[in-house]
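This is target.tsv. It holds TSV, C-alpha atoms and all ligand atoms.
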```
chain	number	residue	atom	x	y	z
A	1103	MET	CA	-70.50	85.21	-127.31
A	1104	LEU	CA	-67.20	86.89	-126.40
A	1105	ARG	CA	-65.47	85.77	-123.22
A	1106	PHE	CA	-62.82	87.83	-121.48
A	1107	GLU	CA	-60.79	85.89	-118.98
A	1108	GLU	CA	-58.72	87.43	-116.20
A	1109	THR	CA	-55.10	87.67	-117.31
A	1110	PHE	CA	-52.07	86.66	-115.30
A	1111	MET	CA	-50.99	90.29	-115.03
A	1112	ASP	CA	-54.43	91.35	-113.70
A	1113	PHE	CA	-54.18	88.54	-111.20
A	1114	LEU	CA	-50.69	89.53	-110.07
A	1115	LEU	CA	-51.43	93.28	-109.92
A	1116	GLU	CA	-54.39	92.58	-107.71
A	1117	HIS	CA	-52.31	90.25	-105.52
A	1118	GLN	CA	-49.51	92.77	-105.09
A	1119	GLU	CA	-51.91	95.59	-104.33
A	1120	ARG	CA	-53.86	93.52	-101.80
A	1121	HIS	CA	-50.64	92.64	-99.98
A	1122	ASN	CA	-49.25	96.14	-100.20
A	1123	ARG	CA	-46.21	95.00	-102.16
A	1124	THR	CA	-43.81	96.89	-104.41
A	1125	TYR	CA	-44.01	96.93	-108.21
A	1126	HIS	CA	-40.54	95.36	-108.56
A	1127	PHE	CA	-41.80	91.78	-108.57
A	1128	LEU	CA	-44.35	92.71	-111.24
A	1129	ILE	CA	-41.57	93.99	-113.45
A	1130	LEU	CA	-39.57	90.83	-112.97
A	1131	MET	CA	-42.58	88.61	-113.69
A	1132	ASN	CA	-43.36	90.64	-116.79
A	1133	SER	CA	-39.86	89.92	-118.07
A	1134	ILE	CA	-40.25	86.20	-117.33
A	1135	LEU	CA	-43.53	86.16	-119.25
A	1136	ASN	CA	-41.92	87.90	-122.21
A	1137	ALA	CA	-39.14	85.32	-122.17
A	1138	ALA	CA	-41.60	82.42	-122.03
A	1139	LYS	CA	-43.58	83.73	-125.00
A	1140	ARG	CA	-40.40	84.09	-127.03
A	1141	ILE	CA	-39.28	80.56	-126.18
A	1142	GLN	CA	-42.76	79.30	-127.04
A	1143	HIS	CA	-42.49	80.96	-130.46
A	1144	TYR	CA	-38.99	79.59	-131.19
A	1145	TYR	CA	-40.00	76.12	-130.08
A	1146	LEU	CA	-43.20	76.03	-132.13
A	1147	THR	CA	-41.36	77.10	-135.25
A	1148	GLY	CA	-38.14	75.22	-134.46
A	1149	ALA	CA	-38.77	72.24	-136.74
A	1150	LEU	CA	-39.42	74.55	-139.69
A	1151	ARG	CA	-36.37	76.67	-138.99
A	1152	GLY	CA	-34.19	73.61	-138.37
A	1153	SER	CA	-33.18	74.63	-134.86
A	1154	LEU	CA	-34.14	71.51	-132.93
A	1155	GLY	CA	-30.73	69.88	-133.34
A	1156	LEU	CA	-27.37	69.93	-131.58
A	1157	ALA	CA	-25.38	73.12	-131.07
A	1158	GLY	CA	-22.05	71.28	-131.10
A	1159	SER	CA	-20.88	71.91	-127.52
A	1160	THR	CA	-21.38	70.44	-124.03
A	1161	ASN	CA	-22.75	72.22	-120.96
A	1162	VAL	CA	-21.74	72.35	-117.31
A	1163	GLN	CA	-23.49	69.01	-116.71
A	1164	GLY	CA	-21.38	67.41	-119.46
A	1165	GLU	CA	-24.47	67.07	-121.67
A	1166	GLU	CA	-24.62	67.90	-125.36
A	1167	VAL	CA	-26.09	71.36	-125.86
A	1168	LEU	CA	-28.99	71.78	-128.27
A	1169	GLN	CA	-29.55	74.90	-130.33
A	1170	MET	CA	-32.81	75.34	-128.43
A	1171	ASP	CA	-30.96	75.24	-125.09
A	1172	GLN	CA	-28.84	78.15	-126.26
A	1173	ILE	CA	-31.69	80.13	-127.75
A	1174	ALA	CA	-33.85	79.69	-124.64
A	1175	ASN	CA	-30.99	80.62	-122.33
A	1176	ASP	CA	-30.17	83.76	-124.33
A	1177	VAL	CA	-33.82	84.77	-124.32
A	1178	VAL	CA	-34.22	84.40	-120.54
A	1179	LYS	CA	-30.92	86.13	-119.85
A	1180	HIS	CA	-31.89	89.04	-122.04
A	1181	TYR	CA	-35.33	89.61	-120.55
A	1182	VAL	CA	-34.62	89.06	-116.85
A	1183	GLY	CA	-31.33	90.95	-117.19
A	1184	SER	CA	-33.02	93.97	-118.74
A	1185	SER	CA	-35.73	94.00	-116.06
A	1186	GLY	CA	-33.02	95.53	-113.85
A	1187	ARG	CA	-34.49	93.67	-110.87
A	1188	VAL	CA	-32.12	90.69	-110.69
A	1189	ILE	CA	-28.85	90.78	-108.79
A	1190	HIS	CA	-27.68	87.45	-110.10
A	1191	ALA	CA	-28.98	84.41	-111.90
A	1192	VAL	CA	-28.18	80.72	-112.02
A	1193	SER	CA	-28.92	79.00	-115.32
A	1194	GLU	CA	-28.78	75.31	-116.10
A	1195	GLU	CA	-26.84	76.29	-119.19
A	1196	GLU	CA	-24.06	78.28	-117.51
A	1197	LYS	CA	-21.36	77.06	-115.19
A	1198	GLU	CA	-20.91	80.28	-113.25
A	1199	ILE	CA	-23.42	82.44	-111.44
A	1200	ILE	CA	-24.48	85.19	-113.87
A	1201	PRO	CA	-24.06	88.71	-112.45
A	1202	MET	CA	-26.82	91.10	-113.49
A	1203	ASN	CA	-27.72	94.32	-111.64
A	1204	LEU	CA	-25.32	94.11	-108.69
A	1205	GLU	CA	-26.30	97.45	-107.20
A	1206	GLY	CA	-30.03	97.72	-107.71
A	1207	GLY	CA	-31.12	94.10	-108.20
A	1208	ARG	CA	-33.53	92.78	-105.55
A	1209	TYR	CA	-33.96	89.17	-106.60
A	1210	PHE	CA	-32.09	86.01	-107.43
A	1211	ILE	CA	-33.46	83.83	-110.18
A	1212	TYR	CA	-32.56	80.17	-110.66
A	1213	TYR	CA	-33.76	78.78	-113.97
A	1214	ASP	CA	-33.70	75.97	-116.48
A	1215	PRO	CA	-34.81	77.53	-119.77
A	1216	MET	CA	-35.33	74.27	-121.68
A	1217	ASP	CA	-35.83	71.29	-119.40
A	1218	GLY	CA	-36.48	67.87	-120.90
A	1219	SER	CA	-34.00	67.99	-123.76
A	1220	SER	CA	-34.71	64.47	-125.00
A	1221	ASN	CA	-38.13	65.75	-126.14
A	1222	VAL	CA	-36.70	68.64	-128.16
A	1223	PRO	CA	-35.86	66.81	-131.43
A	1224	HIS	CA	-39.47	65.55	-131.45
A	1225	ASN	CA	-41.00	68.96	-130.67
A	1226	LEU	CA	-42.71	67.32	-127.68
A	1227	PRO	CA	-43.33	69.15	-124.39
A	1228	VAL	CA	-40.45	70.71	-122.50
A	1229	GLY	CA	-40.35	73.07	-119.54
A	1230	PHE	CA	-39.02	76.47	-118.57
A	1231	LEU	CA	-38.69	76.34	-114.79
A	1232	PHE	CA	-37.64	79.08	-112.41
A	1233	GLY	CA	-37.38	79.89	-108.71
A	1234	ILE	CA	-37.07	83.40	-107.29
A	1235	ALA	CA	-35.57	84.47	-103.96
A	1236	LYS	CA	-35.01	87.91	-102.53
A	1237	ARG	CA	-31.65	89.41	-101.72
A	1238	ASN	CA	-30.84	90.66	-98.24
A	1239	LEU	CA	-32.07	94.23	-98.51
A	1240	ASP	CA	-30.86	95.29	-95.08
A	1241	GLY	CA	-27.16	94.66	-95.40
A	1242	PRO	CA	-24.42	93.59	-97.75
A	1243	GLU	CA	-25.44	90.64	-99.88
A	1244	ASP	CA	-23.50	87.48	-99.11
A	1245	LEU	CA	-24.47	85.98	-102.48
A	1246	HIS	CA	-25.19	82.66	-100.83
A	1247	LEU	CA	-27.47	80.30	-102.64
A	1248	ARG	CA	-30.94	80.08	-101.16
A	1249	ALA	CA	-32.82	77.00	-99.97
A	1250	GLY	CA	-36.28	76.41	-101.48
A	1251	HIS	CA	-38.07	77.55	-98.33
A	1252	GLU	CA	-36.59	81.01	-98.97
A	1253	TYR	CA	-38.03	81.23	-102.48
A	1254	ILE	CA	-40.74	83.84	-102.77
A	1255	ALA	CA	-42.12	82.32	-105.97
A	1256	ALA	CA	-41.52	79.40	-108.29
A	1257	GLY	CA	-43.09	78.51	-111.58
A	1258	MET	CA	-43.00	76.52	-114.78
A	1259	PHE	CA	-44.18	76.91	-118.34
A	1260	VAL	CA	-44.97	73.77	-120.25
A	1261	ILE	CA	-43.89	74.56	-123.80
A	1262	PRO	CA	-45.45	74.50	-126.38
A	1263	THR	CA	-48.70	73.36	-124.76
A	1264	GLY	CA	-49.20	76.85	-123.30
A	1265	THR	CA	-49.71	76.27	-119.61
A	1266	PHE	CA	-48.07	78.27	-116.88
A	1267	THR	CA	-48.13	77.33	-113.20
A	1268	LEU	CA	-46.92	79.70	-110.51
A	1269	ALA	CA	-46.76	79.41	-106.75
A	1270	LEU	CA	-46.39	82.47	-104.53
A	1271	ARG	CA	-45.12	82.01	-101.00
A	1272	ASN	CA	-48.03	81.44	-98.59
A	1273	ALA	CA	-50.49	82.40	-101.31
A	1274	GLY	CA	-51.08	79.12	-103.13
A	1275	CYS	CA	-50.36	77.62	-106.49
A	1276	TRP	CA	-52.14	78.80	-109.64
A	1277	ARG	CA	-52.41	77.62	-113.22
A	1278	PHE	CA	-52.94	79.75	-116.34
A	1279	HIS	CA	-53.51	78.92	-120.00
A	1280	ILE	CA	-52.25	80.81	-123.02
A	1281	ASP	CA	-54.96	82.44	-125.14
A	1282	GLU	CA	-55.13	83.40	-128.81
A	1283	VAL	CA	-53.24	86.66	-128.26
A	1284	MET	CA	-50.51	85.05	-126.14
A	1285	ASN	CA	-51.82	86.19	-122.77
A	1286	TYR	CA	-51.77	83.71	-119.92
A	1287	VAL	CA	-55.32	83.78	-118.56
A	1288	LYS	CA	-57.93	82.17	-116.32
A	1289	PRO	CA	-56.24	81.63	-112.95
A	1290	THR	CA	-57.16	78.30	-111.44
A	1291	ARG	CA	-56.07	77.44	-107.93
A	1292	MET	CA	-54.23	74.12	-107.81
A	1293	VAL	CA	-54.84	71.88	-104.83
A	1294	LEU	CA	-53.71	68.27	-104.90
A	1295	PRO	CA	-56.75	65.98	-104.85
A	1296	GLU	CA	-57.16	64.05	-101.61
A	1297	ASN	CA	-59.09	61.24	-103.24
A	1298	PRO	CA	-56.56	58.60	-104.41
A	1299	LYS	CA	-58.84	57.56	-107.26
A	1300	THR	CA	-56.94	59.78	-109.73
A	1301	TRP	CA	-53.44	59.41	-108.29
A	1302	GLU	CA	-50.62	58.38	-110.59
A	1303	LEU	CA	-46.99	57.37	-110.32
A	1304	SER	CA	-44.39	58.94	-112.57
A	1305	PHE	CA	-40.78	57.75	-112.85
A	1306	ASN	CA	-38.35	56.44	-115.45
A	1307	SER	CA	-39.28	52.78	-115.41
A	1308	ALA	CA	-36.11	51.82	-117.29
A	1309	ASN	CA	-34.15	52.84	-114.17
A	1310	ARG	CA	-36.26	50.81	-111.81
A	1311	GLY	CA	-33.70	48.04	-111.20
A	1312	THR	CA	-31.16	50.67	-110.15
A	1313	PHE	CA	-33.23	52.07	-107.25
A	1314	ALA	CA	-32.61	51.10	-103.62
A	1315	GLU	CA	-34.38	47.86	-102.64
A	1316	PRO	CA	-37.05	49.42	-100.34
A	1317	ILE	CA	-38.02	51.85	-103.10
A	1318	ARG	CA	-38.36	49.04	-105.61
A	1319	GLU	CA	-40.57	47.11	-103.18
A	1320	TRP	CA	-42.70	50.17	-102.54
A	1321	ILE	CA	-43.22	50.70	-106.27
A	1322	THR	CA	-44.16	47.06	-106.85
A	1323	GLU	CA	-46.81	47.37	-104.18
A	1324	LYS	CA	-48.18	50.75	-105.28
A	1325	GLU	CA	-48.35	50.12	-109.00
A	1326	LYS	CA	-51.05	47.51	-108.37
A	1327	ARG	CA	-53.19	50.42	-107.30
A	1328	TYR	CA	-52.20	53.51	-109.26
A	1329	GLY	CA	-51.80	54.42	-112.92
A	1330	PHE	CA	-48.38	55.20	-114.41
A	1331	ARG	CA	-47.38	58.03	-116.78
A	1332	TYR	CA	-43.97	59.32	-117.83
A	1333	LEU	CA	-43.10	61.99	-120.37
A	1334	GLY	CA	-39.42	62.51	-119.53
A	1335	ALA	CA	-39.75	66.25	-118.96
A	1336	LEU	CA	-40.21	67.23	-115.33
A	1337	ALA	CA	-42.54	70.15	-116.05
A	1338	GLY	CA	-44.95	67.92	-117.98
A	1339	ASP	CA	-44.77	65.00	-115.56
A	1340	PHE	CA	-45.20	67.23	-112.54
A	1341	HIS	CA	-48.04	69.09	-114.29
A	1342	ARG	CA	-50.05	65.84	-114.29
A	1343	ILE	CA	-49.22	65.03	-110.67
A	1344	LEU	CA	-50.33	68.50	-109.60
A	1345	THR	CA	-53.69	67.92	-111.29
A	1346	ASN	CA	-54.28	64.24	-110.56
A	1347	GLY	CA	-52.25	63.69	-107.38
A	1348	GLY	CA	-49.83	60.83	-106.79
A	1349	LEU	CA	-46.06	60.85	-106.84
A	1350	PHE	CA	-43.28	61.88	-109.20
A	1351	LEU	CA	-40.03	60.21	-108.23
A	1352	TYR	CA	-36.49	60.38	-109.49
A	1353	PRO	CA	-34.68	58.27	-106.87
A	1354	ALA	CA	-30.94	57.95	-106.39
A	1355	ILE	CA	-29.36	55.46	-108.81
A	1356	VAL	CA	-27.51	53.03	-106.55
A	1357	ASN	CA	-27.63	49.63	-108.27
A	1358	HIS	CA	-26.55	50.37	-111.82
A	1359	PRO	CA	-24.89	47.36	-113.53
A	1360	ASP	CA	-22.08	49.77	-114.39
A	1361	PRO	CA	-21.17	51.26	-111.00
A	1362	ALA	CA	-19.65	54.29	-112.73
A	1363	LYS	CA	-23.21	55.20	-113.76
A	1364	ASN	CA	-24.58	55.26	-110.22
A	1365	ARG	CA	-25.90	58.62	-109.06
A	1366	PRO	CA	-26.14	58.32	-105.27
A	1367	LYS	CA	-27.06	61.99	-105.07
A	1368	GLY	CA	-29.77	61.70	-107.73
A	1369	LYS	CA	-29.97	63.27	-111.16
A	1370	LEU	CA	-32.22	66.31	-110.94
A	1371	ARG	CA	-30.80	69.73	-110.20
A	1372	LEU	CA	-31.84	71.12	-106.84
A	1373	MET	CA	-32.12	74.87	-107.42
A	1374	TYR	CA	-33.96	75.05	-110.74
A	1375	GLU	CA	-35.72	71.69	-110.95
A	1376	ALA	CA	-36.38	69.92	-107.62
A	1377	ALA	CA	-36.86	72.99	-105.40
A	1378	VAL	CA	-39.07	74.66	-108.02
A	1379	VAL	CA	-41.58	71.82	-108.31
A	1380	SER	CA	-41.37	71.12	-104.55
A	1381	PHE	CA	-42.21	74.75	-103.78
A	1382	MET	CA	-45.23	74.57	-106.09
A	1383	CYS	CA	-46.27	71.22	-104.67
A	1384	CYS	CA	-46.10	72.44	-101.06
A	1385	GLU	CA	-48.20	75.49	-101.95
A	1386	ALA	CA	-50.75	73.08	-103.45
A	1387	GLY	CA	-50.94	71.01	-100.25
A	1388	GLY	CA	-48.34	68.37	-101.11
A	1389	SER	CA	-44.77	67.77	-100.03
A	1390	ALA	CA	-41.36	66.64	-101.27
A	1391	VAL	CA	-38.31	64.84	-99.88
A	1392	ASP	CA	-34.85	63.73	-100.99
A	1393	GLU	CA	-33.19	60.30	-100.69
A	1394	GLU	CA	-32.73	60.79	-96.95
A	1395	GLY	CA	-36.40	61.55	-96.48
A	1396	MET	CA	-35.58	65.18	-95.71
A	1397	PRO	CA	-37.71	68.04	-97.07
A	1398	ILE	CA	-36.32	69.27	-100.39
A	1399	LEU	CA	-37.13	72.85	-99.42
A	1400	SER	CA	-34.81	72.68	-96.42
A	1401	ILE	CA	-31.68	71.79	-98.41
A	1402	VAL	CA	-29.25	74.72	-98.46
A	1403	PRO	CA	-27.33	74.40	-101.73
A	1404	GLU	CA	-23.56	74.29	-101.55
A	1405	LYS	CA	-23.17	74.85	-105.26
A	1406	PRO	CA	-25.45	76.17	-107.99
A	1407	HIS	CA	-25.71	72.96	-109.98
A	1408	GLN	CA	-26.13	70.58	-107.05
A	1409	ARG	CA	-28.13	67.43	-107.73
A	1410	THR	CA	-30.69	65.67	-105.60
A	1411	ALA	CA	-33.03	62.70	-105.60
A	1412	LEU	CA	-36.66	63.77	-105.63
A	1413	TYR	CA	-39.97	62.37	-104.35
A	1414	VAL	CA	-42.71	64.96	-104.84
A	1415	GLY	CA	-46.49	64.81	-104.75
A	1416	SER	CA	-49.42	63.89	-102.51
A	1417	LYS	CA	-48.57	64.12	-98.82
A	1418	PRO	CA	-49.58	60.60	-97.75
A	1419	LEU	CA	-47.33	59.02	-100.41
A	1420	VAL	CA	-44.40	61.34	-99.68
A	1421	GLU	CA	-44.77	60.57	-95.95
A	1422	GLU	CA	-44.71	56.82	-96.62
A	1423	ILE	CA	-41.61	57.16	-98.77
A	1424	SER	CA	-39.94	59.42	-96.26
A	1425	SER	CA	-40.35	56.97	-93.40
A	1426	ILE	CA	-39.14	54.08	-95.61
A	1427	LEU	CA	-36.04	56.06	-96.56
A	1428	LYS	CA	-35.34	57.12	-92.99
A	1429	LYS	CA	-35.78	53.55	-91.74
A	1430	ALA	CA	-33.39	52.25	-94.40
A	1431	ARG	CA	-30.74	54.65	-93.08
A	1432	SER	CA	-31.16	53.92	-89.38
B	1	LIG	P1	-32.35	67.46	-119.40
B	1	LIG	O1	-33.26	68.50	-119.91
B	1	LIG	O2	-31.27	68.08	-118.59
B	1	LIG	O3	-31.85	66.53	-120.43
B	1	LIG	O4	-33.11	66.52	-118.37
B	1	LIG	C1	-34.47	66.60	-118.10
B	1	LIG	C2	-34.69	66.12	-116.72
B	1	LIG	O5	-33.82	66.77	-115.86
B	1	LIG	C3	-36.14	66.30	-116.25
B	1	LIG	O6	-36.90	67.21	-116.96
B	1	LIG	C4	-36.75	64.92	-116.37
B	1	LIG	O7	-37.69	64.68	-115.37
B	1	LIG	C5	-35.57	64.01	-116.26
B	1	LIG	O8	-34.42	64.74	-116.64
B	1	LIG	C6	-35.73	62.82	-117.17
B	1	LIG	O9	-34.61	62.01	-117.02
B	1	LIG	P2	-34.52	60.55	-117.71
B	1	LIG	O10	-34.33	60.78	-119.16
B	1	LIG	O11	-33.35	59.95	-117.04
B	1	LIG	O12	-35.80	59.85	-117.39
```
For this file, write the structure as structure tokens.
Amino acid sequence: MLRFEETFMDFLLEHQERHNRTYHFLILMNSILNAAKRIQHYYLTGALRGSLGLAGSTNVQGEEVLQMDQIANDVVKHYVGSSGRVIHAVSEEEKEIIPMNLEGGRYFIYYDPMDGSSNVPHNLPVGFLFGIAKRNLDGPEDLHLRAGHEYIAAGMFVIPTGTFTLALRNAGCWRFHIDEVMNYVKPTRMVLPENPKTWELSFNSANRGTFAEPIREWITEKEKRYGFRYLGALAGDFHRILTNGGLFLYPAIVNHPDPAKNRPKGKLRLMYEAAVVSFMCCEAGGSAVDEEGMPILSIVPEKPHQRTALYVGSKPLVEEISSILKKARS
């Protein structure tokens, strides 16, 4: 028996029509989908083609660049650039803001084309994450960097497993699966489960001793109750939290034995990692805060590659963490 599932594009067309929106966002999303499918292809065949190794340079974060980082960045830049709908982009792989269509572009896109690099040599899951904001259409554009609450959409592809999750502002969070002809299909609304039975914790346990004392105590208490999973690629780890509930945390590193390795501002990048998953989480009924217990979506970035600590997931857990963090500061 043949089954025909609703495709992502059908879903989005219907959404845009229902809300009386322009076709511009459709064109941009189409370009993002084309990019994701290309990356999926290069990643699946990467081991055979020998492109899972180092490229021989370092990026803006001082990290060694992989061939896949470069390929994925070039792919995204090509597709979203040729959509003609983007005024400028911020990429994890490029130091400067990337100018695109300065006259006609309507959107900003902030993206990490290949997140979770330590999984790349193993061909294990990685993410392509992006957030989209709209330019000021009524006056000259100030090119300022937008806070997460100004995003109109944010999404992530888990590659190569073939899932795509997208949140649209005030319209919920949806998951799609890739089918045999590379269409993302079968929209499923994501809502964080209220029942704690399935909740999980996700964090890099090797860093545990470096977290602030109240966070360590909180973890010790909670892990008696909840399961623990960690993949080391935000898109994959957050994918589980979105389904099962619980908390993903990447706290500030404040007690490293080598003080030079402390990261009091956290490790994850605000614009194309933390704000992206926080936006999706909030649209699915959850929330997210930084090391000061402040909502991630309210942080106005001062620079494109700003870092932050991140606590994202089920509301009751984020609220507990938030009040612990605020108390520790008072
Ligand atoms: P890179 O892709 O920049 O190497 O980092 C991936 C990531 O930002 C995010 O996807 C993970 O959640 C986090 O780092 C994992 O970091 P650790 O290796 O420190 O656990």
For a cutoff of 9 Å around the file-coordinate point (-37.8, 95.8, -115.8), which residues qualify once you count all atoms listed in the file? I'd like the result as a PyMOL selection string. chain A and resi 1126+1128-1133+1181-1187
Ligand LIG 1 (chain B) neighbours within 8 Å using only C-alpha atoms and all ligand atoms, as JSON, numbers by chain: {"A": [1165, 1216, 1217, 1218, 1219, 1220, 1228, 1229, 1305, 1306, 1309, 1333, 1334, 1335, 1336, 1337, 1339, 1352, 1369, 1370, 1371, 1375]}
Selection above as a file: C-alpha atoms, as a PDB file, in the coordinates of the input:
```
ATOM      1  CA  GLU A1165     -24.470  67.070-121.670  1.00  0.00           C
ATOM      2  CA  MET A1216     -35.330  74.270-121.680  1.00  0.00           C
ATOM      3  CA  ASP A1217     -35.830  71.290-119.400  1.00  0.00           C
ATOM      4  CA  GLY A1218     -36.480  67.870-120.900  1.00  0.00           C
ATOM      5  CA  SER A1219     -34.000  67.990-123.760  1.00  0.00           C
ATOM      6  CA  SER A1220     -34.710  64.470-125.000  1.00  0.00           C
ATOM      7  CA  VAL A1228     -40.450  70.710-122.500  1.00  0.00           C
ATOM      8  CA  GLY A1229     -40.350  73.070-119.540  1.00  0.00           C
ATOM      9  CA  PHE A1305     -40.780  57.750-112.850  1.00  0.00           C
ATOM     10  CA  ASN A1306     -38.350  56.440-115.450  1.00  0.00           C
ATOM     11  CA  ASN A1309     -34.150  52.840-114.170  1.00  0.00           C
ATOM     12  CA  LEU A1333     -43.100  61.990-120.370  1.00  0.00           C
ATOM     13  CA  GLY A1334     -39.420  62.510-119.530  1.00  0.00           C
ATOM     14  CA  ALA A1335     -39.750  66.250-118.960  1.00  0.00           C
ATOM     15  CA  LEU A1336     -40.210  67.230-115.330  1.00  0.00           C
ATOM     16  CA  ALA A1337     -42.540  70.150-116.050  1.00  0.00           C
ATOM     17  CA  ASP A1339     -44.770  65.000-115.560  1.00  0.00           C
ATOM     18  CA  TYR A1352     -36.490  60.380-109.490  1.00  0.00           C
ATOM     19  CA  LYS A1369     -29.970  63.270-111.160  1.00  0.00           C
ATOM     20  CA  LEU A1370     -32.220  66.310-110.940  1.00  0.00           C
ATOM     21  CA  ARG A1371     -30.800  69.730-110.200  1.00  0.00           C
ATOM     22  CA  GLU A1375     -35.720  71.690-110.950  1.00  0.00           C
TER      23      GLU A1375
END
```
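Counting from CA of His1358 (chain A), the distance to CA of Leu1412 (chain A) is 17.9 Å.
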Take the point (-31.4, 75.6, -108.6) as written in the file and pick out every residue within 8 Å of it, counting only C-alpha atoms; give the list as a tab-separated table (two decimals) with C-alpha atoms, keeping the file's coordinate frame.
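Done, and the output landed in out_23.tsv:
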```
chain	number	residue	atom	x	y	z
A	1192	VAL	CA	-28.18	80.72	-112.02
A	1193	SER	CA	-28.92	79.00	-115.32
A	1194	GLU	CA	-28.78	75.31	-116.10
A	1212	TYR	CA	-32.56	80.17	-110.66
A	1213	TYR	CA	-33.76	78.78	-113.97
A	1233	GLY	CA	-37.38	79.89	-108.71
A	1371	ARG	CA	-30.80	69.73	-110.20
A	1372	LEU	CA	-31.84	71.12	-106.84
A	1373	MET	CA	-32.12	74.87	-107.42
A	1374	TYR	CA	-33.96	75.05	-110.74
A	1375	GLU	CA	-35.72	71.69	-110.95
A	1376	ALA	CA	-36.38	69.92	-107.62
A	1377	ALA	CA	-36.86	72.99	-105.40
A	1378	VAL	CA	-39.07	74.66	-108.02
A	1406	PRO	CA	-25.45	76.17	-107.99
A	1407	HIS	CA	-25.71	72.96	-109.98
A	1408	GLN	CA	-26.13	70.58	-107.05
```
Name all residues at most 7 Å from Asn1346 (chain A) (count only C-alpha atoms; drop same-chain ones fewer than 5 positions away) and give them as a compact mmCIF listing (two decimals) with C-alpha atoms, keeping the file's coordinate frame.
```
# COMPACT_ATOMS: atom_id res chain seq x y z
CA LEU A 1294 -53.71 68.27 -104.90
CA PRO A 1295 -56.75 65.98 -104.85
CA THR A 1300 -56.94 59.78 -109.73
CA TRP A 1301 -53.44 59.41 -108.29
CA GLU A 1302 -50.62 58.38 -110.59
```
Counting all atoms listed in the file, which residue out of A:Met1292, A:Val1414, A:Leu1351, A:Ile1134 sits closest to Arg1331 (chain A)? A:Leu1351
Distance query Ala1157 (chain A) at most 9 Å, all atoms listed in the file, self and fewer than 6 positions along chain excluded, as JSON, numbers by chain: {"A": [1166, 1167, 1168, 1169, 1170, 1171, 1172]}
Just give me the gap between CA of Phe1350 (chain A) and CA of Phe1266 (chain A) in Å, one decimal is fine.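 Those two atoms sit 18.7 Å apart.
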Would you tabulate, counting only C-alpha atoms, all residues of region 1191-1255 of chain A that have an atom at most 8 Å from an atom of region 1144-1156 of chain A, showing the closest pair of atoms and their distance in Å to one decimal, sorted by chain then ascending number, as JSON lines?
```
{"residue": "A:Val1222", "atom": "CA", "partner": "A:Leu1154", "partner_atom": "CA", "distance": 6.1}
{"residue": "A:Pro1223", "atom": "CA", "partner": "A:Leu1154", "partner_atom": "CA", "distance": 5.2}
{"residue": "A:Asn1225", "atom": "CA", "partner": "A:Ala1149", "partner_atom": "CA", "distance": 7.3}
```
Which one of A:Arg1237, A:Lys1428, A:Lys1363, A:Arg1291 sits closest to Val1391 (chain A) if you count all atoms listed in the file?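 Of A:Arg1237, A:Lys1428, A:Lys1363, A:Arg1291, the one nearest Val1391 (chain A) is A:Lys1428, counting all atoms listed in the file.
The spacing separating CA of Thr1265 (chain A) from CA of Ser1389 (chain A) amounts to 21.9 Å.
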Have a look at A:Lys1197, A:Lys1417, A:His1117, A:Lys1429 and name the one nearest to Leu1344 (chain A); count all atoms listed in the file.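 Ranked by minimum distance to Leu1344 (chain A), first place goes to A:Lys1417.
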Shell of 8 Å around Ile1234 (chain A), all atoms listed in the file, local chain residues under 4 positions omitted, as a list in words: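 The residues satisfying every condition are Tyr1209, Phe1210, Ile1211, Tyr1212, Tyr1253, Ile1254, Ala1255 and Ala1256 of chain A.
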Can you work out which one of A:Gly1164, A:Gly1274, A:Pro1262, A:Gly1250 has the shortest atom-to-atom distance to Leu1399 (chain A), counting all atoms listed in the file?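 The answer is A:Gly1250, which sits nearest to Leu1399 (chain A).
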Please rebuild region 1222-1230 of chain A with N, CA and C atoms and return the result as an mmCIF file, keeping the file's coordinate frame.
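Output below, filename selection-v3.cif:
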```
data_model
loop_
_atom_site.group_PDB
_atom_site.id
_atom_site.type_symbol
_atom_site.label_atom_id
_atom_site.label_comp_id
_atom_site.auth_asym_id
_atom_site.auth_seq_id
_atom_site.Cartn_x
_atom_site.Cartn_y
_atom_site.Cartn_z
ATOM 1 N N VAL A 1222 -36.863 67.524 -127.215
ATOM 2 C CA VAL A 1222 -36.700 68.640 -128.160
ATOM 3 C C VAL A 1222 -36.687 68.187 -129.629
ATOM 4 N N PRO A 1223 -35.888 67.169 -130.005
ATOM 5 C CA PRO A 1223 -35.860 66.810 -131.430
ATOM 6 C C PRO A 1223 -37.229 66.379 -131.948
ATOM 7 N N HIS A 1224 -38.127 66.004 -131.045
ATOM 8 C CA HIS A 1224 -39.470 65.550 -131.450
ATOM 9 C C HIS A 1224 -40.507 66.662 -131.337
ATOM 10 N N ASN A 1225 -40.073 67.836 -130.889
ATOM 11 C CA ASN A 1225 -41.000 68.960 -130.670
ATOM 12 C C ASN A 1225 -42.073 68.621 -129.620
ATOM 13 N N LEU A 1226 -41.755 67.703 -128.729
ATOM 14 C CA LEU A 1226 -42.710 67.320 -127.680
ATOM 15 C C LEU A 1226 -42.497 68.228 -126.458
ATOM 16 N N PRO A 1227 -43.390 68.158 -125.477
ATOM 17 C CA PRO A 1227 -43.330 69.150 -124.390
ATOM 18 C C PRO A 1227 -42.006 69.196 -123.624
ATOM 19 N N VAL A 1228 -41.625 70.423 -123.323
ATOM 20 C CA VAL A 1228 -40.450 70.710 -122.500
ATOM 21 C C VAL A 1228 -40.888 71.744 -121.452
ATOM 22 N N GLY A 1229 -39.976 72.098 -120.576
ATOM 23 C CA GLY A 1229 -40.350 73.070 -119.540
ATOM 24 C C GLY A 1229 -39.380 74.219 -119.469
ATOM 25 N N PHE A 1230 -39.865 75.351 -118.989
ATOM 26 C CA PHE A 1230 -39.020 76.470 -118.570
ATOM 27 C C PHE A 1230 -39.382 76.656 -117.092
#
```
